[in-house]
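A.B. asks: Dumping the structure here so I can ask a few things about it.
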Amino acid sequence: MLNPENPAHAAAAARLRDDLIIWLTTVSPSGQPQTSPVWFLWDGAEFLIFGSAKGPKTPNIRANPHVSLNLDGNGQGGGIVVFEGNATVDADGPAAGDVPAYMAKYGERITAYGWDTAKLATDYPHVIRVTPTRARIW
């Protein structure tokens with residue numbers, strides 16, 4: 001999906017590795033878009049996100065799997081990274097603490113927030129996987 005020879009795509013790939021927050025937009029059953037900042041892991045083909053136990057993301061995705069993901073722009077109309085895709089809730093997916101790359105990216109923050117992996121698994125039990133169908137990068 002990303003062409004590493006395209007400078008904008010290469011920059012997007014670096015941000016997908018290093019940025020801590022991406023904005024996930026789901027659609028409620030009534031049709032209202034709902035956007036939330038989320039932690040994420042990008043493996044080059046799929047996004048891995050952990051949904052909160054009581055938040056709207058999981059029921060929204062179950063009702064309508066079409067989502068978008070957006071990185072913050074540079075504040076001047078550039079650095080735009082938008083993915084559209086299909087989300088699933090993986091009932092058999094791993095807990096965040098069992099994903100080494102996720103823990104490498106967020107482990108310090110998890111500790112700083114006073115969580116441990118058991119508390120994280122309780123508060124964010126829903127494994128959300130997003131497969132992009134379209135990318136817009138500029």
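Identifiers in this document derive from the order of the structure tokens: chains are assigned A, B, ..., residues are numbered from 1 separately in each chain, and ligands are numbered from 1 in order of occurrence.
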Can you tell me, as a PDB file with N, CA, C and O atoms, in the first residue's frame, what residues are no more than 12 Å from Gly31 of chain A when counting only C-alpha atoms, ignoring any on the same chain fewer than 6 positions away?
C.D. replies:
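Once written, part20.pdb looks like this:
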```pdb
ATOM      1  N   THR A  25     -11.858   6.713  13.193  1.00  0.00           N
ATOM      2  CA  THR A  25     -13.249   7.129  13.039  1.00  0.00           C
ATOM      3  C   THR A  25     -14.092   5.909  12.716  1.00  0.00           C
ATOM      4  O   THR A  25     -13.832   5.198  11.741  1.00  0.00           O
ATOM      5  N   ASN A  60     -19.667  -0.080  17.392  1.00  0.00           N
ATOM      6  CA  ASN A  60     -19.769   0.603  16.097  1.00  0.00           C
ATOM      7  C   ASN A  60     -19.195  -0.261  14.983  1.00  0.00           C
ATOM      8  O   ASN A  60     -19.788  -0.377  13.906  1.00  0.00           O
ATOM      9  N   ILE A  61     -18.037  -0.842  15.220  1.00  0.00           N
ATOM     10  CA  ILE A  61     -17.387  -1.681  14.203  1.00  0.00           C
ATOM     11  C   ILE A  61     -18.222  -2.921  13.914  1.00  0.00           C
ATOM     12  O   ILE A  61     -18.334  -3.344  12.762  1.00  0.00           O
ATOM     13  N   ALA A  63     -21.356  -3.105  13.997  1.00  0.00           N
ATOM     14  CA  ALA A  63     -22.517  -2.679  13.211  1.00  0.00           C
ATOM     15  C   ALA A  63     -22.127  -2.206  11.818  1.00  0.00           C
ATOM     16  O   ALA A  63     -22.894  -2.368  10.874  1.00  0.00           O
ATOM     17  N   ASN A  64     -20.936  -1.626  11.686  1.00  0.00           N
ATOM     18  CA  ASN A  64     -20.480  -1.080  10.406  1.00  0.00           C
ATOM     19  C   ASN A  64     -18.956  -1.130  10.391  1.00  0.00           C
ATOM     20  O   ASN A  64     -18.306  -0.341  11.081  1.00  0.00           O
ATOM     21  N   HIS A  66     -16.742  -0.233   8.259  1.00  0.00           N
ATOM     22  CA  HIS A  66     -16.009   0.793   7.509  1.00  0.00           C
ATOM     23  C   HIS A  66     -15.478   1.858   8.467  1.00  0.00           C
ATOM     24  O   HIS A  66     -16.242   2.466   9.220  1.00  0.00           O
TER      25      HIS A  66
END
```
A.B. asks: Let's see if you can do this: from backbone DSSP, list all strand (DSSP E) residues in segment 7-138 of chain A, as a PyMOL selection string.
C.D. replies: chain A and resi 22-27+33-38+41-42+47-51+66-71+81-89+126-137
A.B. asks: Restricting the calculation to only C-alpha atoms: of A:Asp19, A:Pro56, A:Asp116, A:Gly85, which residue gets closest to Gln32 of chain A?
C.D. replies: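 For Gln32 of chain A, the nearest of the candidates is A:Pro56.
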A.B. asks: One decimal, Å: what's the distance from atom CA of Phe47 of chain A over to atom CA of Asn3 of chain A, could you say?
C.D. replies: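 So the two atoms, atom CA of Phe47 of chain A and atom CA of Asn3 of chain A, lie 17.3 Å apart.
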A.B. asks: Using only C-alpha atoms for the distances, tell me which of A:Gly73, A:Gly93, A:Pro125, A:Pro37 is nearest to Ile22 of chain A.
C.D. replies: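 Under the stated criterion, the closest residue is A:Pro37.
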A.B. asks: Just to confirm, what's the straight-line distance from atom CA of His9 of chain A to atom CA of Lys57 of chain A in Å (one decimal)?
C.D. replies: 27.6 Å
A.B. asks: For Val99 of chain A, which residue among A:Leu48, A:Ala135, A:Val82, A:Ile128 is the nearest when counting only C-alpha atoms?
C.D. replies: A:Leu48
